[in-house]
>>> print(open('run-v3.cif').read())   # mmCIF, C-alpha atoms and all ligand atoms
data_run
#
loop_
_atom_site.label_atom_id
_atom_site.label_comp_id
_atom_site.auth_asym_id
_atom_site.auth_seq_id
_atom_site.Cartn_x
_atom_site.Cartn_y
_atom_site.Cartn_z
CA MET A 185 -8.89 -180.42 120.70
CA GLN A 186 -6.58 -179.36 123.54
CA ALA A 187 -7.53 -179.97 127.16
CA SER A 188 -7.62 -176.21 127.83
CA ASN A 189 -10.39 -175.79 125.23
CA LEU A 190 -12.43 -178.55 126.79
CA ALA A 191 -12.34 -176.70 130.09
CA LEU A 192 -13.99 -173.55 128.70
CA PRO A 193 -17.21 -172.64 130.47
CA LEU A 194 -20.32 -173.21 128.37
CA THR A 195 -21.16 -169.55 127.96
CA GLN A 196 -17.64 -168.41 127.07
CA PRO A 197 -16.85 -167.83 123.36
CA ALA A 198 -13.59 -169.61 122.39
CA ALA A 199 -12.75 -166.83 119.93
CA ALA A 200 -14.17 -163.44 119.00
CA ASN A 201 -16.45 -164.88 116.31
CA ALA A 202 -17.37 -168.15 118.03
CA SER A 203 -20.82 -168.94 119.31
CA VAL A 204 -21.96 -169.07 122.93
CA SER A 205 -24.41 -171.54 124.35
CA GLN A 206 -26.91 -171.81 127.15
CA ARG A 207 -28.41 -175.07 128.30
CA LEU A 208 -32.10 -175.85 127.80
CA PRO A 209 -34.13 -178.52 129.59
CA SER A 210 -34.18 -181.88 127.86
CA PRO A 211 -37.46 -182.81 126.13
CA HIS A 212 -38.00 -185.43 128.85
CA LEU A 213 -37.65 -182.82 131.60
CA LEU A 214 -40.01 -180.31 129.97
CA LYS A 215 -42.56 -183.08 129.42
CA GLN A 216 -42.24 -184.04 133.08
CA GLN A 217 -42.72 -180.44 134.18
CA MET A 218 -45.65 -179.87 131.79
CA PRO A 219 -47.18 -183.33 131.41
CA LEU A 220 -49.81 -184.49 128.97
CA SER A 221 -52.54 -186.18 131.03
CA SER A 222 -53.52 -189.72 130.07
CA GLU A 223 -56.96 -188.42 129.09
CA LEU A 224 -55.46 -185.88 126.67
CA ALA A 225 -52.97 -188.47 125.39
CA GLN A 226 -55.96 -190.64 124.45
CA GLN A 227 -57.54 -187.65 122.73
CA VAL A 228 -54.37 -187.05 120.70
CA HIS A 229 -54.24 -190.75 119.79
CA ALA A 230 -57.88 -190.67 118.63
CA HIS A 231 -57.26 -187.52 116.56
CA ARG A 232 -54.18 -189.03 114.91
CA GLN A 233 -56.25 -192.07 114.02
CA ALA A 234 -58.96 -189.81 112.57
CA VAL A 235 -56.39 -188.01 110.39
CA ARG A 236 -54.99 -191.36 109.23
CA ALA A 237 -58.51 -192.56 108.38
CA ILE A 238 -59.05 -189.46 106.22
CA LEU A 239 -55.71 -189.97 104.47
CA GLU A 240 -56.61 -193.59 103.73
CA GLY A 241 -60.12 -192.75 102.50
CA ARG A 242 -61.83 -194.61 105.36
CA ASP A 243 -63.32 -191.37 106.70
CA PRO A 244 -65.02 -189.18 104.07
CA ARG A 245 -64.52 -185.92 105.97
CA LEU A 246 -62.30 -183.13 104.73
CA LEU A 247 -59.21 -182.44 106.84
CA VAL A 248 -58.84 -178.70 107.48
CA ILE A 249 -55.65 -177.31 109.01
CA VAL A 250 -56.61 -173.78 110.03
CA GLY A 251 -55.32 -171.05 112.31
CA PRO A 252 -52.72 -168.34 112.64
CA CYS A 253 -49.70 -168.19 110.38
CA SER A 254 -47.82 -167.91 113.66
CA ILE A 255 -48.82 -167.65 117.30
CA HIS A 256 -47.42 -164.60 119.06
CA ASP A 257 -49.97 -163.74 121.75
CA PRO A 258 -51.31 -166.41 124.13
CA ARG A 259 -54.60 -164.58 124.74
CA SER A 260 -55.56 -164.23 121.08
CA ALA A 261 -54.39 -167.78 120.33
CA LEU A 262 -56.65 -169.21 123.01
CA GLU A 263 -59.57 -167.00 121.93
CA TYR A 264 -59.08 -168.40 118.43
CA ALA A 265 -58.97 -171.91 119.89
CA ASP A 266 -62.25 -171.30 121.78
CA ARG A 267 -63.98 -170.17 118.59
CA LEU A 268 -62.54 -173.01 116.50
CA ALA A 269 -63.52 -175.62 119.09
CA ALA A 270 -67.10 -174.31 119.14
CA LEU A 271 -67.27 -174.34 115.31
CA SER A 272 -65.74 -177.80 115.21
CA ARG A 273 -68.55 -179.18 117.37
CA GLU A 274 -71.06 -177.93 114.76
CA VAL A 275 -69.32 -179.15 111.60
CA ASP A 276 -67.44 -182.24 112.72
CA ASP A 277 -69.65 -184.59 110.73
CA LYS A 278 -68.16 -183.08 107.54
CA LEU A 279 -64.88 -181.42 108.51
CA LEU A 280 -62.06 -182.41 110.83
CA LEU A 281 -60.76 -179.04 112.02
CA VAL A 282 -57.15 -179.04 113.24
CA MET A 283 -55.73 -175.84 114.69
CA ARG A 284 -52.44 -174.45 113.41
CA ALA A 285 -50.28 -174.05 116.51
CA TYR A 286 -47.24 -172.74 114.66
CA VAL A 287 -44.46 -171.69 117.05
CA GLU A 288 -41.47 -171.94 114.68
CA LYS A 289 -41.28 -169.90 111.48
CA PRO A 290 -38.92 -170.61 108.61
CA ARG A 291 -37.69 -167.32 107.11
CA THR A 292 -36.66 -166.61 103.55
CA THR A 293 -33.79 -164.54 104.94
CA VAL A 294 -34.24 -163.10 108.43
CA GLY A 295 -37.15 -162.11 110.61
CA TRP A 296 -38.98 -163.11 113.78
CA LYS A 297 -38.65 -166.90 114.08
CA GLY A 298 -41.69 -167.64 116.18
CA LEU A 299 -42.89 -167.96 119.76
CA ALA A 300 -40.59 -170.87 120.60
CA TYR A 301 -37.59 -168.72 119.65
CA ASP A 302 -38.57 -165.24 120.77
CA PRO A 303 -41.64 -165.25 123.02
CA HIS A 304 -41.08 -161.68 124.24
CA LEU A 305 -41.09 -160.42 120.61
CA ASP A 306 -38.10 -158.20 121.28
CA GLY A 307 -35.17 -160.08 119.80
CA SER A 308 -34.09 -161.42 123.20
CA ASP A 309 -34.61 -165.01 121.93
CA ASP A 310 -35.58 -166.42 125.32
CA MET A 311 -36.04 -169.93 123.96
CA HIS A 312 -36.20 -171.38 127.44
CA ALA A 313 -39.39 -169.39 128.07
CA GLY A 314 -40.43 -169.94 124.44
CA ILE A 315 -40.56 -173.73 124.56
CA ALA A 316 -42.44 -173.69 127.88
CA LEU A 317 -44.94 -171.07 126.70
CA SER A 318 -45.46 -172.93 123.44
CA ARG A 319 -46.03 -176.26 125.18
CA GLY A 320 -48.40 -174.63 127.68
CA LEU A 321 -50.44 -173.06 124.89
CA MET A 322 -50.60 -176.29 122.95
CA LEU A 323 -51.86 -178.07 126.08
CA GLY A 324 -54.50 -175.33 126.42
CA MET A 325 -55.68 -176.01 122.87
CA LEU A 326 -55.88 -179.74 123.57
CA GLU A 327 -57.92 -179.03 126.72
CA ARG A 328 -60.43 -177.29 124.47
CA GLY A 329 -60.81 -180.59 122.59
CA LEU A 330 -58.93 -179.49 119.48
CA PRO A 331 -56.40 -181.50 117.51
CA ILE A 332 -53.33 -179.40 116.80
CA ALA A 333 -50.79 -179.06 114.00
CA THR A 334 -47.43 -177.40 113.70
CA GLU A 335 -44.49 -177.06 111.36
CA LEU A 336 -41.53 -178.99 112.72
CA LEU A 337 -38.61 -176.83 111.69
CA GLN A 338 -35.76 -177.45 114.14
CA PRO A 339 -35.41 -181.21 114.74
CA MET A 340 -33.92 -180.54 118.20
CA ALA A 341 -37.11 -178.72 119.20
CA ALA A 342 -39.49 -181.43 117.95
CA GLY A 343 -39.18 -183.46 121.15
CA TYR A 344 -40.69 -180.64 123.19
CA PHE A 345 -44.01 -180.89 121.32
CA ASP A 346 -44.23 -184.20 119.45
CA ASP A 347 -46.57 -185.88 121.96
CA LEU A 348 -49.17 -183.12 121.51
CA LEU A 349 -49.52 -183.04 117.75
CA SER A 350 -52.06 -184.78 115.53
CA TRP A 351 -50.46 -183.54 112.30
CA ALA A 352 -47.22 -181.84 111.36
CA ALA A 353 -45.86 -180.09 108.30
CA ILE A 354 -42.42 -180.07 106.82
CA GLY A 355 -42.20 -176.69 105.14
CA ALA A 356 -41.35 -175.79 101.56
CA ARG A 357 -37.87 -174.69 102.59
CA THR A 358 -36.99 -177.93 104.40
CA THR A 359 -38.77 -180.70 102.44
CA GLU A 360 -35.52 -181.35 100.57
CA SER A 361 -33.53 -181.77 103.79
CA GLN A 362 -32.39 -185.30 104.63
CA ILE A 363 -32.37 -184.33 108.30
CA HIS A 364 -36.10 -183.53 108.22
CA ARG A 365 -36.91 -186.66 106.26
CA GLU A 366 -35.06 -188.74 108.88
CA MET A 367 -36.96 -186.97 111.66
CA VAL A 368 -40.32 -187.71 109.99
CA SER A 369 -39.34 -191.36 109.63
CA GLY A 370 -39.35 -191.54 113.42
CA LEU A 371 -42.57 -189.62 114.11
CA GLU A 372 -45.71 -191.49 115.10
CA LEU A 373 -48.06 -188.99 113.53
CA PRO A 374 -49.31 -187.98 110.09
CA VAL A 375 -47.07 -185.49 108.29
CA GLY A 376 -47.61 -183.33 105.21
CA PHE A 377 -44.61 -182.45 103.04
CA LYS A 378 -45.00 -179.13 101.26
CA ASN A 379 -43.91 -178.89 97.66
CA GLY A 380 -40.60 -177.02 97.29
CA THR A 381 -40.54 -173.26 96.75
CA ASP A 382 -40.04 -173.92 93.02
CA GLY A 383 -43.59 -175.31 92.93
CA GLY A 384 -42.58 -178.80 91.71
CA VAL A 385 -43.67 -181.94 93.53
CA ALA A 386 -40.59 -184.15 92.95
CA ILE A 387 -38.81 -182.92 96.10
CA ALA A 388 -41.88 -183.77 98.19
CA THR A 389 -42.37 -187.20 96.61
CA ASP A 390 -38.68 -187.96 97.26
CA ALA A 391 -39.24 -186.79 100.84
CA MET A 392 -42.21 -189.12 101.34
CA ARG A 393 -40.26 -192.09 99.99
CA SER A 394 -37.34 -191.27 102.24
CA ALA A 395 -39.53 -190.76 105.32
CA ALA A 396 -41.31 -194.07 104.71
CA ALA A 397 -37.97 -195.87 105.03
CA PRO A 398 -36.11 -196.75 108.24
CA HIS A 399 -33.04 -194.67 109.06
CA ARG A 400 -30.25 -194.35 111.57
CA HIS A 401 -29.18 -190.78 112.15
CA PHE A 402 -27.38 -188.42 114.49
CA GLY A 403 -29.80 -186.87 116.93
CA MET A 404 -30.62 -186.02 120.52
CA ASP A 405 -32.37 -188.49 122.77
CA ALA A 406 -35.20 -187.56 125.16
CA GLN A 407 -32.66 -186.94 127.93
CA GLY A 408 -30.81 -184.43 125.74
CA TYR A 409 -27.75 -186.56 124.93
CA PRO A 410 -26.27 -186.93 121.47
CA ALA A 411 -27.44 -190.29 120.19
CA ILE A 412 -27.74 -192.64 117.26
CA ILE A 413 -31.46 -192.52 116.56
CA GLU A 414 -33.01 -195.52 114.85
CA THR A 415 -36.31 -194.90 113.07
CA PHE A 416 -38.74 -197.33 111.48
CA GLY A 417 -40.41 -195.32 108.69
CA ASN A 418 -43.57 -193.23 108.62
CA PRO A 419 -46.31 -194.51 106.28
CA ASP A 420 -48.67 -191.62 107.12
CA THR A 421 -47.33 -188.84 104.94
CA HIS A 422 -48.90 -186.85 102.12
CA LEU A 423 -48.27 -184.01 99.70
CA VAL A 424 -49.22 -180.40 100.44
CA LEU A 425 -49.50 -178.14 97.38
CA ARG A 426 -48.67 -174.55 98.33
CA GLY A 427 -47.75 -173.01 94.96
CA GLY A 428 -44.28 -171.84 94.06
CA HIS A 429 -42.18 -169.19 92.40
CA LYS A 430 -44.02 -169.65 89.10
CA GLY A 431 -47.46 -169.24 90.69
CA PRO A 432 -50.26 -171.33 92.19
CA ASN A 433 -50.69 -175.09 91.82
CA TYR A 434 -54.22 -175.70 93.12
CA ASP A 435 -56.03 -175.79 89.76
CA ALA A 436 -57.30 -179.10 88.35
CA ASP A 437 -54.41 -179.43 85.87
CA SER A 438 -51.79 -178.91 88.59
CA ILE A 439 -53.53 -181.39 90.85
CA ALA A 440 -53.68 -183.96 88.02
CA LEU A 441 -49.95 -183.42 87.47
CA ALA A 442 -49.30 -183.89 91.20
CA ARG A 443 -51.30 -187.12 91.13
CA GLN A 444 -49.14 -188.33 88.25
CA GLY A 445 -46.00 -187.46 90.24
CA LEU A 446 -47.29 -189.41 93.23
CA ALA A 447 -48.20 -192.43 91.06
CA LYS A 448 -44.78 -192.36 89.37
CA ALA A 449 -43.16 -192.42 92.80
CA GLY A 450 -45.39 -195.33 93.84
CA LEU A 451 -47.17 -193.18 96.43
CA ALA A 452 -50.85 -193.00 97.32
CA ALA A 453 -52.84 -190.10 95.85
CA ARG A 454 -53.30 -187.99 99.00
CA ILE A 455 -53.18 -184.27 98.45
CA MET A 456 -53.79 -181.30 100.72
CA VAL A 457 -54.00 -177.83 99.22
CA ASP A 458 -52.60 -174.92 101.18
CA CYS A 459 -54.87 -172.00 100.17
CA SER A 460 -52.28 -169.50 101.42
CA HIS A 461 -48.62 -168.85 100.53
CA ALA A 462 -47.91 -168.97 96.80
CA ASN A 463 -51.42 -170.33 96.13
CA SER A 464 -52.91 -167.02 97.24
CA GLY A 465 -49.97 -164.87 96.15
CA LYS A 466 -49.74 -164.17 99.92
CA ASP A 467 -52.96 -162.15 99.66
CA PRO A 468 -55.18 -163.52 102.43
CA ALA A 469 -58.30 -162.18 100.73
CA ARG A 470 -57.66 -164.69 97.92
CA GLN A 471 -57.77 -167.71 100.24
CA PRO A 472 -61.59 -168.17 100.03
CA ALA A 473 -61.48 -168.29 96.22
CA VAL A 474 -58.70 -170.90 96.32
CA PHE A 475 -60.58 -172.89 98.98
CA GLU A 476 -63.80 -172.84 96.95
CA ASP A 477 -62.05 -173.90 93.75
CA VAL A 478 -60.48 -176.85 95.55
CA LEU A 479 -63.74 -177.74 97.27
CA ASN A 480 -65.50 -177.78 93.88
CA GLN A 481 -62.86 -180.17 92.54
CA ARG A 482 -63.48 -182.43 95.48
CA LEU A 483 -67.26 -182.17 95.11
CA ALA A 484 -66.81 -183.06 91.42
CA GLY A 485 -65.30 -186.36 92.58
CA ASP A 486 -61.57 -185.78 93.06
CA THR A 487 -61.03 -187.97 96.11
CA SER A 488 -57.26 -187.43 96.00
CA ILE A 489 -57.94 -184.07 97.67
CA VAL A 490 -58.01 -185.10 101.31
CA GLY A 491 -57.48 -181.74 102.98
CA VAL A 492 -57.02 -178.00 102.82
CA MET A 493 -55.00 -175.51 104.81
CA LEU A 494 -56.05 -171.95 105.67
CA GLU A 495 -54.12 -169.24 107.47
CA GLY A 496 -56.62 -167.47 109.70
CA HIS A 497 -56.48 -165.19 112.72
CA LEU A 498 -59.10 -163.28 114.68
CA PHE A 499 -58.83 -160.31 112.31
CA ASP A 500 -57.86 -159.88 108.66
CA GLY A 501 -54.38 -159.09 107.40
CA CYS A 502 -51.06 -158.71 109.14
CA GLN A 503 -49.00 -156.07 110.92
CA ALA A 504 -45.30 -155.33 111.22
CA LEU A 505 -43.48 -156.27 114.40
CA GLY A 506 -41.33 -153.57 115.99
CA LYS A 507 -43.33 -150.65 114.61
CA GLY A 508 -45.23 -149.65 117.75
CA ALA A 509 -48.10 -151.24 119.69
CA LEU A 510 -49.49 -154.42 118.21
CA LYS A 511 -53.17 -154.74 117.31
CA TYR A 512 -54.93 -157.60 119.09
CA GLY A 513 -55.64 -160.73 117.06
CA VAL A 514 -53.72 -159.71 113.92
CA SER A 515 -50.89 -161.82 112.48
CA ILE A 516 -47.30 -160.61 112.74
CA THR A 517 -46.13 -162.92 109.95
CA ASP A 518 -48.13 -163.69 106.78
CA GLY A 519 -51.51 -162.07 106.27
CA CYS A 520 -54.42 -164.13 107.59
CA LEU A 521 -58.12 -164.41 106.90
CA GLY A 522 -60.18 -162.97 109.77
CA TRP A 523 -62.42 -165.18 111.89
CA ASP A 524 -65.75 -164.05 110.45
CA SER A 525 -64.73 -164.94 106.88
CA THR A 526 -63.12 -168.21 108.01
CA ASP A 527 -66.22 -169.23 109.99
CA ALA A 528 -68.54 -168.45 107.05
CA LEU A 529 -66.27 -170.29 104.59
CA LEU A 530 -66.08 -173.44 106.71
CA ARG A 531 -69.82 -173.48 107.42
CA ARG A 532 -70.56 -173.17 103.67
CA ALA A 533 -68.15 -176.01 102.96
CA ALA A 534 -69.79 -178.22 105.57
CA ASP A 535 -73.20 -177.52 104.01
CA GLN A 536 -71.93 -178.42 100.55
CA LEU A 537 -70.10 -181.62 101.48
O1 LIG A 601 -45.63 -168.82 106.53
C1 LIG A 601 -44.85 -167.96 106.72
C2 LIG A 601 -43.94 -167.39 105.71
O2 LIG A 601 -44.41 -167.52 104.43
C3 LIG A 601 -42.60 -168.04 105.82
O3 LIG A 601 -42.27 -168.17 107.14
C4 LIG A 601 -41.57 -167.19 105.07
O4 LIG A 601 -41.69 -165.91 105.46
P1 LIG A 601 -40.73 -164.75 104.93
O5 LIG A 601 -40.58 -164.90 103.46
O6 LIG A 601 -41.48 -163.51 105.32
O7 LIG A 601 -39.44 -164.86 105.66
C1 LIG A 602 -44.15 -171.47 106.32
C2 LIG A 602 -45.26 -172.06 105.93
O1 LIG A 602 -45.46 -172.61 104.73
P1 LIG A 602 -44.45 -172.88 103.52
O2 LIG A 602 -43.44 -173.82 104.05
O3 LIG A 602 -45.35 -173.46 102.49
O4 LIG A 602 -43.88 -171.56 103.12
C3 LIG A 602 -46.45 -172.17 106.81
O5 LIG A 602 -47.37 -172.93 106.50
O6 LIG A 602 -46.46 -171.47 107.81
#
>>> encode(input="run-v3.cif", output="structure tokens")
Amino acid sequence: MQASNLALPLTQPAAANASVSQRLPSPHLLKQQMPLSSELAQQVHAHRQAVRAILEGRDPRLLVIVGPCSIHDPRSALEYADRLAALSREVDDKLLLVMRAYVEKPRTTVGWKGLAYDPHLDGSDDMHAGIALSRGLMLGMLERGLPIATELLQPMAAGYFDDLLSWAAIGARTTESQIHREMVSGLELPVGFKNGTDGGVAIATDAMRSAAAPHRHFGMDAQGYPAIIETFGNPDTHLVLRGGHKGPNYDADSIALARQGLAKAGLAARIMVDCSHANSGKDPARQPAVFEDVLNQRLAGDTSIVGVMLEGHLFDGCQALGKGALKYGVSITDGCLGWDSTDALLRRAADQL
């Protein structure tokens, strides 16, 4: 590269089709500005340990990852958190409820990419505000006593939130990515790998084996500098069945097949079923039937089923973004199960377990 190119200002495109950039705070700086108190850090530690105990079969409770497909409105997200925290206090002898605090959305092609990317919901992509708003909301959920979960999509963004999470997902579209597997290898929290969008489990079992191993990879350190990151392997991973292009994979035969895949890969039989996505055909009204089927398998003695995932919001369904005023408490990504149905479903499950 010539010296004249090196001197270009950061926001200046080098050519008509080149990209422009804007600096963001380093993860360390954002964490300093929006710190996790030592009390809440202890809470997160205890919740991570509780998730690990469920994965290892030392805690007989069912792990339930539940909440909005995506968070777009701080007020409705915190109202959801209030309700979930109150329910959790009533059912926590049977269920460990973890709130979905999803602020990054993977898209099949294009679409709104989540609160961390576009917090003003207008395509302005104010990620600076997005990461701060997301972290602030996550802290608010922790203050309500809830463990939280998210999908870690952009490895460079993970450092803004990783201290707050008790569980993370690697999504169906990124489970095959070496970059995500390397990132998980360095995370000190339990992580679920979704099966690939084809519905097969081999990509996820490869991912778990890769993430369990140590790696050295290109990355960004906490101060925001390019760095060689050395990781030590994450033993706390598991499979998440979410269905695929050919249909659902939550039935007993599919789960037996998944168990075989895990055994063949030398991995522990730890399975979570995502009742949404291809397991519900993206019809949120089908989530309770999927949940109940999976619960019955567990009640019939299938201890490999350690958890379930539900996409729920305050109200049923979803709405399109950019088509006028938004309805309060309704998802702007995938359709969700409303609170009343979610509450009833989880209470029934707690009674049955
Ligand atoms: O969970 C959310 C969606 O299923 C995922 O982000 C893909 O969405 P899309 O197919 O609408 O882009
Ligand atoms: C995007 C999600 O899931 P998947 O990766 O299974 O599509 C999600 O859980 O929000």
>>> closest_atom_pairs(input="run-v3.cif", of="chain A", to="ligand LIG 601 (chain A)", cutoff="7 Å", atoms="all atoms listed in the file", output="Markdown table")
| residue | atom | partner | partner_atom | distance |
| --- | --- | --- | --- | --- |
| A:Cys253 | CA | A:LIG601 | O1 | 5.6 |
| A:Lys289 | CA | A:LIG601 | O3 | 4.8 |
| A:Pro290 | CA | A:LIG601 | O3 | 4.4 |
| A:Arg291 | CA | A:LIG601 | O7 | 3.3 |
| A:Thr292 | CA | A:LIG601 | O7 | 3.9 |
| A:Thr293 | CA | A:LIG601 | O7 | 5.7 |
| A:Val294 | CA | A:LIG601 | O7 | 6.1 |
| A:Gly295 | CA | A:LIG601 | O7 | 6.1 |
| A:His461 | CA | A:LIG601 | O2 | 5.9 |
| A:Thr517 | CA | A:LIG601 | C1 | 6.1 |
| A:Asp518 | CA | A:LIG601 | C1 | 5.4 |
>>> residues_near_ligand(input="run-v3.cif", ligand="ligand LIG 602 (chain A)", cutoff="8 Å", atoms="only C-alpha atoms and all ligand atoms", output="list in words")
Cys253, Ser254, Tyr286, Lys289, Pro290, Arg291, Glu335, Ala353, Ile354, Gly355, Ala356, Arg357, Thr358, Lys378, Asn379, Gly380, Thr381, Arg426, Gly427, Asp458, Ser460, His461, Ala462 and Glu495 of chain A
>>> residues_around(input="run-v3.cif", residues="segment 384-399 of chain A", least_positions_apart="5", cutoff="7 Å", atoms="only C-alpha atoms", output="compact mmCIF listing (two decimals) with C-alpha atoms, in the frame of the given file")
# COMPACT_ATOMS: atom_id res chain seq x y z
CA THR A 359 -38.77 -180.70 102.44
CA GLU A 360 -35.52 -181.35 100.57
CA ARG A 365 -36.91 -186.66 106.26
CA GLU A 366 -35.06 -188.74 108.88
CA VAL A 368 -40.32 -187.71 109.99
CA SER A 369 -39.34 -191.36 109.63
CA PHE A 377 -44.61 -182.45 103.04
CA LYS A 378 -45.00 -179.13 101.26
CA ASN A 379 -43.91 -178.89 97.66
CA GLU A 414 -33.01 -195.52 114.85
CA THR A 415 -36.31 -194.90 113.07
CA PHE A 416 -38.74 -197.33 111.48
CA GLY A 417 -40.41 -195.32 108.69
CA ASN A 418 -43.57 -193.23 108.62
CA PRO A 419 -46.31 -194.51 106.28
CA THR A 421 -47.33 -188.84 104.94
CA LEU A 423 -48.27 -184.01 99.70
CA ALA A 442 -49.30 -183.89 91.20
CA GLY A 445 -46.00 -187.46 90.24
CA LEU A 446 -47.29 -189.41 93.23
CA ALA A 449 -43.16 -192.42 92.80
>>> residues_around(input="run-v3.cif", residues="Gln481 of chain A", least_positions_apart="5", cutoff="12 Å", atoms="all atoms listed in the file", output="MDAnalysis selection string")
chainID A and resid 434:440 457 474:476 486:491 537
>>> closest_residue(input="run-v3.cif", among="A:Ile255, A:Ala411, A:Ile249, A:Ala534", to="Gly376 of chain A", atoms="only C-alpha atoms")
A:Ile249
>>> closest_atom_pairs(input="run-v3.cif", of="segment 289-375 of chain A", to="segment 224-233 of chain A", cutoff="10 Å", atoms="all atoms listed in the file", output="JSON lines")
{"residue": "A:Leu323", "atom": "CA", "partner": "A:Leu224", "partner_atom": "CA", "distance": 8.6}
{"residue": "A:Leu326", "atom": "CA", "partner": "A:Leu224", "partner_atom": "CA", "distance": 6.9}
{"residue": "A:Glu327", "atom": "CA", "partner": "A:Leu224", "partner_atom": "CA", "distance": 7.3}
{"residue": "A:Gly329", "atom": "CA", "partner": "A:Gln227", "partner_atom": "CA", "distance": 7.8}
{"residue": "A:Leu330", "atom": "CA", "partner": "A:His231", "partner_atom": "CA", "distance": 8.7}
{"residue": "A:Pro331", "atom": "CA", "partner": "A:His231", "partner_atom": "CA", "distance": 6.2}
{"residue": "A:Ile332", "atom": "CA", "partner": "A:Val228", "partner_atom": "CA", "distance": 8.6}
{"residue": "A:Asp347", "atom": "CA", "partner": "A:Ala225", "partner_atom": "CA", "distance": 7.7}
{"residue": "A:Leu348", "atom": "CA", "partner": "A:Val228", "partner_atom": "CA", "distance": 6.6}
{"residue": "A:Leu349", "atom": "CA", "partner": "A:Val228", "partner_atom": "CA", "distance": 7.0}
{"residue": "A:Ser350", "atom": "CA", "partner": "A:Arg232", "partner_atom": "CA", "distance": 4.8}
{"residue": "A:Trp351", "atom": "CA", "partner": "A:Arg232", "partner_atom": "CA", "distance": 7.1}
{"residue": "A:Glu372", "atom": "CA", "partner": "A:Arg232", "partner_atom": "CA", "distance": 8.8}
{"residue": "A:Leu373", "atom": "CA", "partner": "A:Arg232", "partner_atom": "CA", "distance": 6.3}
{"residue": "A:Pro374", "atom": "CA", "partner": "A:Arg232", "partner_atom": "CA", "distance": 6.9}
>>> closest_residue(input="run-v3.cif", among="A:Leu337, A:Val275, A:Met283, A:Ile412", to="Gly298 of chain A", atoms="all atoms listed in the file")
A:Leu337
>>> atom_distance(input="run-v3.cif", atom1="atom CA of Ala269 of chain A", atom2="atom CA of Asp500 of chain A")
19.7 Å
>>> residues_around(input="run-v3.cif", residues="Ala341 of chain A", least_positions_apart="4", cutoff="10 Å", atoms="only C-alpha atoms", output="ChimeraX atom specification")
/A:210-211,288,300,315,336-337,345-346,404
>>> closest_residue(input="run-v3.cif", among="A:Gln407, A:Gln217, A:Thr334, A:Gln362", to="Gly320 of chain A", atoms="only C-alpha atoms")
A:Gln217
>>> residues_around(input="run-v3.cif", residues="segment 465-468 of chain A", least_positions_apart="4", cutoff="6 Å", atoms="all atoms listed in the file", output="list of chain:residue names")
A:His461, A:Gly519, A:Cys520, A:Leu521
>>> residues_near_point(input="run-v3.cif", point="(-53.3, -171.2, 114.5)", cutoff="6 Å", atoms="all atoms listed in the file", output="PDB file with C-alpha atoms, in the coordinates of the input")
ATOM      1  CA  GLY A 251     -55.320-171.050 112.310  1.00  0.00           C
ATOM      2  CA  PRO A 252     -52.720-168.340 112.640  1.00  0.00           C
ATOM      3  CA  MET A 283     -55.730-175.840 114.690  1.00  0.00           C
ATOM      4  CA  ARG A 284     -52.440-174.450 113.410  1.00  0.00           C
ATOM      5  CA  ALA A 285     -50.280-174.050 116.510  1.00  0.00           C
TER       6      ALA A 285
END
>>> closest_residue(input="run-v3.cif", among="A:Gly431, A:Gly496, A:Ser361, A:Lys511", to="Ser464 of chain A", atoms="all atoms listed in the file")
A:Gly431
>>> closest_residue(input="run-v3.cif", among="A:Leu213, A:Ala528, A:Val248, A:Leu299", to="Ala333 of chain A", atoms="only C-alpha atoms")
A:Val248
>>> atom_distance(input="run-v3.cif", atom1="atom CA of Met340 of chain A", atom2="atom CA of Leu505 of chain A")
26.4 Å
>>> axis_aligned_box(input="run-v3.cif", around="segment 413-420 of chain A", padding_each_side="8 Å", output="lines of an AutoDock Vina configuration file")
center_x = -40.1
center_y = -194.5
center_z = 111.4
size_x = 33.2
size_y = 21.7
size_z = 26.3
>>> atom_distance(input="run-v3.cif", atom1="atom CA of Cys502 of chain A", atom2="atom CA of Val514 of chain A")
5.6 Å
>>> closest_residue(input="run-v3.cif", among="A:His429, A:His364, A:Arg454, A:His312", to="Tyr344 of chain A", atoms="all atoms listed in the file")
A:His312
